[in-house]
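> Take this structure first; my questions come after.
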Amino acid sequence: MPDNNDLAELLFPDVTMTIDDLEARYPARNLPEGAQVTRFAPSPTGFLHTGSLFTSMVSYTVAKRSGGVYFFRLEDTDTKRTIEGSGDLLIRELHQFGIDADEGYTPEGDKGAYGPYKQSERKDIYRAVIKELVRRGRAYPDFCTPEDLDKIRKSQEANKVLPGYYGVYARDRNLSAEERIERINAGTPWVIRFKSNGDHDRKTKFVDAIRGEIELQDNDTDVVILKSDGLPTYHFAHVCDDHFMRTTMITRGEEWIPSTPIHLDMFRALGWKPPKYAHIPSIMKLDHGNKRKLSKRKDAEAAVSYFIEAGYPEGGLLAYLMSIANSNFEEWTMANKTYDVSRFPFNIKKMSLDGALFDMDKLNFFCKEVIAATPIDELFAAVSKYAKAHDEDLCSRITTNGDYVKAILNIEKDRKNPRKDYAKYGDITPSIRFFFDDEWEKIVANPLPFKETIPSDIVAKMLLASVEKMPFGVEENDWFSAVKEIGGSLGFAVSNKDYKANPSAFVGSLSDGAEILRVALTGSTQSPNLHEIIEILGKERVTKRLTIVANKL
RNA sequence: GGCCCCAUGGUCAAUCGGUUAAGACGCGACCCUCUCAAGGUCGAAUGACUGGUUCGAUUCCAGUUGGGGUCACCA
């Protein structure tokens with residue numbers, strides 16, 4: 001009588017490796033007490049999702065803070081959805097955020113002793129473990145066609161029983177080894193299913209590192225572990241890989257909670273110690289009053305590339321995500337005067353339990369803070385890098401006149417309370433247009449927003465008098481005194497108090513006088529510090545602009 | 001539908017049974033000020049509902065409701 005050994009040999013004739021061999025090949029990691037081994041294990045199906053950045057940041061931080069290891073594994077078992085090159089893209093995007101793996105798959109080849117780190121290259125490992133499972137009677141070939149499965153499901157629905165391949169509905173579960181061998185020899189296509197010993201009426205418990213104890217129905221379905229294409233399903237690959245890669249904590253999205261009993265079932269069947277699980281809440285979005293997961297298809301902000309292209313500073317996005325992960329991060333940033341997430345004492349237990357709505361306002365806030373706090377040289381480098389990739393206009397300005405752009409970025413920066421007007425590098429180009437003569441000419445080709453209550457001959461006089469008398473290269477106070485004097489001689493108030501006391505005695509207020517210069521120079525009634533602008537523009541440019549505008553009036 | 005997770009202002013949220021229920025973003029007002037941004041001060045705004053347990057519940061328990069997830073040879 002043929003038995004499961006014969007079946008296993010027939011199924012995997014070429015497999016000689018055993019589980020013991022694998023245990024020896026991947027020894028326990030030599031790490032200090034409490035060190036966590038975590039991983040980010042995406043499928044190469046596109047660009048980096050904002051939720052993935054969040055999860056990977058958490059995984060990375062847990063490993064780093066515990067003195068452990070963070071690795072990157074590519075889960076490319078779904079050949080239909082795999083997009084060529086997206087694994088490498090994912091790594092590049094992660095790298096941009098400083099999330100670099102200690103070991104794992106890289107475009108140049110694997111790094112680390114627990115590989116391969118690409119699931120499609122681990123077939124021999126999966127097959128060895130599955131062969132053993134078949135031998136032990138804990139896995140078996142299933143010959144159902146998709147139509148058979150569909151039929152089973154339909155009958156279950158009709159009878160209002162739970163759908164799935166389990167118990168009496170698991171058609172091929174109790175075939176004898178002999179029957180199985182017969183069908184295989186007859187050429188019937190098969191997949192391998194895990195044979196569950198679970199009882200649906202019982203509960204399995206596990207402790208989630210974030211949520212605490214979770215109790216779920218025991219798994220009793222015989223899930224597919226090896227697909228007809230010879231690749232494992234996620235369920236099996238997770239158990240097998242994370243065991244041999246010696247992962248200690250699985251950080252994954254909360255959508256995995258319901259399938260955890262399947263994984264625990266398999267760990268038990270294999271006699272392996274399961275890792276800790278930390279199910280991370282999803283980042284949500286409000287859509288017509290309903291919360292839903294950030295969706296790659298519907299939401300631009302679901303793609304990390306969206307933020308990169310718009311020029312959000314990486315540190316700002318990270319800081320925002322960290323504030324969602326641990327809400328005490330904000331207090332910490334205030335106390336420590338830094339937004340550097342790598343220095344923050346992250347605690348996974350403090351993660352909130354429900355998914356946060358993605359908050360653009362708050363992201364903008366963090367990014368403004370981060371940009372304002374970045375020293376000018378560093379900022380200029382980051383802006384240059386951004387411009388090179390995403391802002392042609394800015395890039396050419398930087399190439400032809402880098403120092404000028406740098407000076408503009410430095411306006412009101414080097415002080416206790418720096419300006420905070422850029423949330424993203426993409427905001428820069430539109431707001432600094434007026435500094436460049438070609439753009440300024442376009443601006444002044446349109447009517448300028450001078451105050452209508454002030455006669456244009458006065459405006460012209462103010463402009464011309466400034467050309468003559470306004471000092472350059474002096475302190476701001478001295479410069480402004482001079483402006484006041486010029487204005488005063490034309491009938492503007494030299495103090496706002498005087499003006500308020502008797503407005504009709506003046507052509508306009510102190511502000512009105514300054515505004516004339518601002519409008520002529522920038523084309524707008526609003527601008528950063530006028531003195532700094534004038535110093536950056538330089539005497540020649542200022543003289544030219546004021547004269548041109550005066551002559552037009 | 002079964003099962004699971006979650007529930008404090010518009011958003012992110014603190015509180016380990018007793019608090020005037022923190023703080024941050026956003027919003028509003030005022031102050032500062034040559035405009036804007038920044039900064040400062042102040043303000044509006046929160047415990048889903050119903051029962052229990054308790055001297056006392058936002059906090060513990062149950063149910064209801066609501067939201068989310070999951071039930072593939074996808075991950």
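Ligands are numbered from 1 in the order shown, chains are lettered A, B, ... in the order of the structure tokens, and residues start at 1 in each chain.
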Using 10 Å as the limit and counting only C-alpha atoms (C1' of nucleotides), can you tabulate each residue of chain B that touches chain A, with its shortest atom-to-atom distance in Å and the two atoms involved, as CSV?


```
residue,atom,partner,partner_atom,distance
B:G1,C1',A:Lys160,CA,8.9
B:G2,C1',A:Leu162,CA,7.0
B:C3,C1',A:Gln217,CA,7.2
B:C4,C1',A:Pro258,CA,6.1
B:C5,C1',A:Ile257,CA,8.0
B:C6,C1',A:Asp354,CA,5.5
B:A7,C1',A:Asp354,CA,8.7
B:U11,C1',A:Asp359,CA,6.5
B:C12,C1',A:Ile324,CA,6.4
B:A13,C1',A:Ser327,CA,6.5
B:A14,C1',A:Asn328,CA,8.5
B:G23,C1',A:Glu331,CA,7.5
B:A24,C1',A:Glu330,CA,6.7
B:C25,C1',A:Lys362,CA,5.0
B:G26,C1',A:Asp361,CA,6.8
B:C34,C1',A:Ser511,CA,4.6
B:U35,C1',A:Gln526,CA,4.8
B:C36,C1',A:Gln526,CA,4.8
B:A37,C1',A:Arg419,CA,5.7
B:A38,C1',A:Arg419,CA,5.1
B:G39,C1',A:Asn417,CA,6.7
B:G67,C1',A:Lys291,CA,7.2
B:G68,C1',A:Arg292,CA,7.4
B:G69,C1',A:Glu255,CA,5.5
B:U70,C1',A:Pro258,CA,5.7
B:C71,C1',A:Pro163,CA,7.6
B:A72,C1',A:Val224,CA,9.5
B:C73,C1',A:Lys227,CA,4.7
B:C74,C1',A:Asp78,CA,6.9
B:A75,C1',A:Tyr234,CA,6.3
```

> Once DSSP has gone over the backbone, tell me which residues of stretch 185-408 of chain A are in strand (DSSP E), as an mmCIF file with N, CA and C atoms, in the first residue's frame.


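New file part.cif:
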```
data_model
loop_
_atom_site.group_PDB
_atom_site.id
_atom_site.type_symbol
_atom_site.label_atom_id
_atom_site.label_comp_id
_atom_site.auth_asym_id
_atom_site.auth_seq_id
_atom_site.Cartn_x
_atom_site.Cartn_y
_atom_site.Cartn_z
ATOM 1 N N VAL A 191 -3.030 21.442 -6.724
ATOM 2 C CA VAL A 191 -2.367 22.440 -5.876
ATOM 3 C C VAL A 191 -2.145 21.721 -4.539
ATOM 4 N N ILE A 192 -1.318 22.301 -3.688
ATOM 5 C CA ILE A 192 -1.160 21.701 -2.360
ATOM 6 C C ILE A 192 -1.910 22.536 -1.340
ATOM 7 N N ARG A 193 -2.707 21.841 -0.537
ATOM 8 C CA ARG A 193 -3.397 22.514 0.554
ATOM 9 C C ARG A 193 -2.829 22.068 1.891
ATOM 10 N N PHE A 194 -2.873 22.984 2.820
ATOM 11 C CA PHE A 194 -2.507 22.678 4.202
ATOM 12 C C PHE A 194 -3.685 21.957 4.833
ATOM 13 N N LYS A 203 -11.702 28.848 19.835
ATOM 14 C CA LYS A 203 -11.055 30.136 19.596
ATOM 15 C C LYS A 203 -9.544 29.995 19.691
ATOM 16 N N THR A 204 -8.851 30.805 18.917
ATOM 17 C CA THR A 204 -7.416 30.907 19.151
ATOM 18 C C THR A 204 -7.141 32.337 19.582
ATOM 19 N N LYS A 205 -6.219 32.443 20.490
ATOM 20 C CA LYS A 205 -5.865 33.744 21.042
ATOM 21 C C LYS A 205 -4.447 34.062 20.669
ATOM 22 N N PHE A 206 -4.187 35.313 20.457
ATOM 23 C CA PHE A 206 -2.784 35.732 20.359
ATOM 24 C C PHE A 206 -2.694 37.152 20.883
ATOM 25 N N VAL A 207 -1.478 37.527 21.257
ATOM 26 C CA VAL A 207 -1.273 38.869 21.787
ATOM 27 C C VAL A 207 -0.684 39.734 20.685
ATOM 28 N N ASP A 208 -1.419 40.748 20.336
ATOM 29 C CA ASP A 208 -0.938 41.690 19.340
ATOM 30 C C ASP A 208 -0.144 42.775 20.064
ATOM 31 N N GLY A 212 -3.067 44.232 22.023
ATOM 32 C CA GLY A 212 -3.232 43.331 23.161
ATOM 33 C C GLY A 212 -3.870 42.037 22.703
ATOM 34 N N GLU A 213 -4.583 41.396 23.601
ATOM 35 C CA GLU A 213 -5.113 40.075 23.289
ATOM 36 C C GLU A 213 -6.235 40.133 22.240
ATOM 37 N N ILE A 214 -6.107 39.290 21.243
ATOM 38 C CA ILE A 214 -7.149 39.196 20.223
ATOM 39 C C ILE A 214 -7.609 37.740 20.158
ATOM 40 N N GLU A 215 -8.912 37.574 20.143
ATOM 41 C CA GLU A 215 -9.465 36.224 20.135
ATOM 42 C C GLU A 215 -10.257 36.031 18.840
ATOM 43 N N LEU A 216 -9.907 34.998 18.119
ATOM 44 C CA LEU A 216 -10.587 34.741 16.851
ATOM 45 C C LEU A 216 -10.973 33.281 16.751
ATOM 46 N N GLN A 217 -11.857 33.008 15.807
ATOM 47 C CA GLN A 217 -12.222 31.613 15.570
ATOM 48 C C GLN A 217 -11.012 30.868 15.041
ATOM 49 N N VAL A 224 -4.818 26.898 0.396
ATOM 50 C CA VAL A 224 -3.814 26.541 -0.616
ATOM 51 C C VAL A 224 -2.476 27.078 -0.142
ATOM 52 N N ILE A 225 -1.456 26.274 -0.171
ATOM 53 C CA ILE A 225 -0.123 26.776 0.186
ATOM 54 C C ILE A 225 0.832 26.780 -1.003
ATOM 55 N N LEU A 226 0.541 25.896 -1.954
ATOM 56 C CA LEU A 226 1.366 25.912 -3.170
ATOM 57 C C LEU A 226 0.435 25.975 -4.374
ATOM 58 N N MET A 249 9.207 40.097 14.992
ATOM 59 C CA MET A 249 7.956 40.839 15.028
ATOM 60 C C MET A 249 7.457 41.139 13.628
ATOM 61 N N ILE A 250 6.222 40.710 13.377
ATOM 62 C CA ILE A 250 5.607 40.957 12.074
ATOM 63 C C ILE A 250 4.816 42.254 12.166
ATOM 64 N N THR A 251 5.250 43.250 11.412
ATOM 65 C CA THR A 251 4.466 44.476 11.329
ATOM 66 C C THR A 251 3.762 44.446 9.985
ATOM 67 N N ARG A 252 2.472 44.470 10.017
ATOM 68 C CA ARG A 252 1.699 44.407 8.771
ATOM 69 C C ARG A 252 0.384 45.122 8.992
ATOM 70 N N GLY A 253 -0.314 45.369 7.935
ATOM 71 C CA GLY A 253 -1.574 46.093 8.016
ATOM 72 C C GLY A 253 -2.637 45.317 8.779
ATOM 73 N N LYS A 276 5.950 37.620 17.146
ATOM 74 C CA LYS A 276 4.944 38.555 17.659
ATOM 75 C C LYS A 276 4.294 39.220 16.447
ATOM 76 N N TYR A 277 3.066 39.604 16.615
ATOM 77 C CA TYR A 277 2.386 40.330 15.544
ATOM 78 C C TYR A 277 2.054 41.737 16.004
ATOM 79 N N ALA A 278 2.248 42.673 15.112
ATOM 80 C CA ALA A 278 1.842 44.053 15.378
ATOM 81 C C ALA A 278 1.028 44.497 14.173
ATOM 82 N N HIS A 279 -0.279 44.556 14.337
ATOM 83 C CA HIS A 279 -1.126 44.938 13.210
ATOM 84 C C HIS A 279 -1.358 46.442 13.209
ATOM 85 N N ILE A 280 -0.818 47.052 12.187
ATOM 86 C CA ILE A 280 -0.790 48.507 12.078
ATOM 87 C C ILE A 280 -2.095 49.033 11.471
ATOM 88 N N MET A 284 -6.524 56.384 6.598
ATOM 89 C CA MET A 284 -7.825 56.497 5.952
ATOM 90 C C MET A 284 -7.994 57.837 5.257
ATOM 91 N N LYS A 285 -9.101 57.901 4.569
ATOM 92 C CA LYS A 285 -9.410 59.129 3.849
ATOM 93 C C LYS A 285 -10.916 59.303 3.908
ATOM 94 N N LEU A 286 -11.352 60.536 4.013
ATOM 95 C CA LEU A 286 -12.790 60.771 4.067
ATOM 96 C C LEU A 286 -13.303 60.926 2.645
ATOM 97 N N ASP A 287 -14.272 60.110 2.295
ATOM 98 C CA ASP A 287 -14.791 60.141 0.942
ATOM 99 C C ASP A 287 -16.310 60.220 1.007
ATOM 100 N N ASN A 290 -17.706 59.133 4.184
ATOM 101 C CA ASN A 290 -17.336 57.802 4.654
ATOM 102 C C ASN A 290 -15.818 57.668 4.743
ATOM 103 N N LYS A 291 -15.409 56.983 5.796
ATOM 104 C CA LYS A 291 -13.996 56.696 5.939
ATOM 105 C C LYS A 291 -13.659 55.494 5.067
ATOM 106 N N ARG A 292 -12.529 55.551 4.422
ATOM 107 C CA ARG A 292 -12.062 54.356 3.725
ATOM 108 C C ARG A 292 -10.559 54.429 3.604
ATOM 109 N N LYS A 293 -9.985 53.265 3.343
ATOM 110 C CA LYS A 293 -8.541 53.184 3.222
ATOM 111 C C LYS A 293 -8.075 54.075 2.081
#
```

> May I have the residues within 10 Å of stretch 28-32 of chain B as a PyMOL selection string, using only C-alpha atoms (C1' of nucleotides) and disregarding those fewer than 3 positions away in the same chain?

chain B and resi 39-44

> Please report the interatomic distance between atom CA of A:Ser196 and atom CA of A:Asp124 in Å with one decimal.

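Those two atoms sit 23.0 Å apart.
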
> Which residues are near A:Thr453? Cut-off 10 Å, only C-alpha atoms (C1' of nucleotides), ignore same chain within fewer than 3 positions. Put them as number ranges by chain.

A: 450, 456, 507-508, 512

> Quick one: write out the picked residues with C-alpha atoms as a JSON list (two decimals), in the first residue's frame?


```
[["chain", "number", "residue", "atom", "x", "y", "z"],
["A", 450, "PHE", "CA", -1.56, 100.53, -6.25],
["A", 456, "SER", "CA", -0.60, 108.54, -9.32],
["A", 507, "VAL", "CA", -1.75, 111.61, 1.56],
["A", 508, "GLY", "CA", -1.57, 108.22, 3.13],
["A", 512, "ASP", "CA", 0.82, 103.22, 2.13]]
```
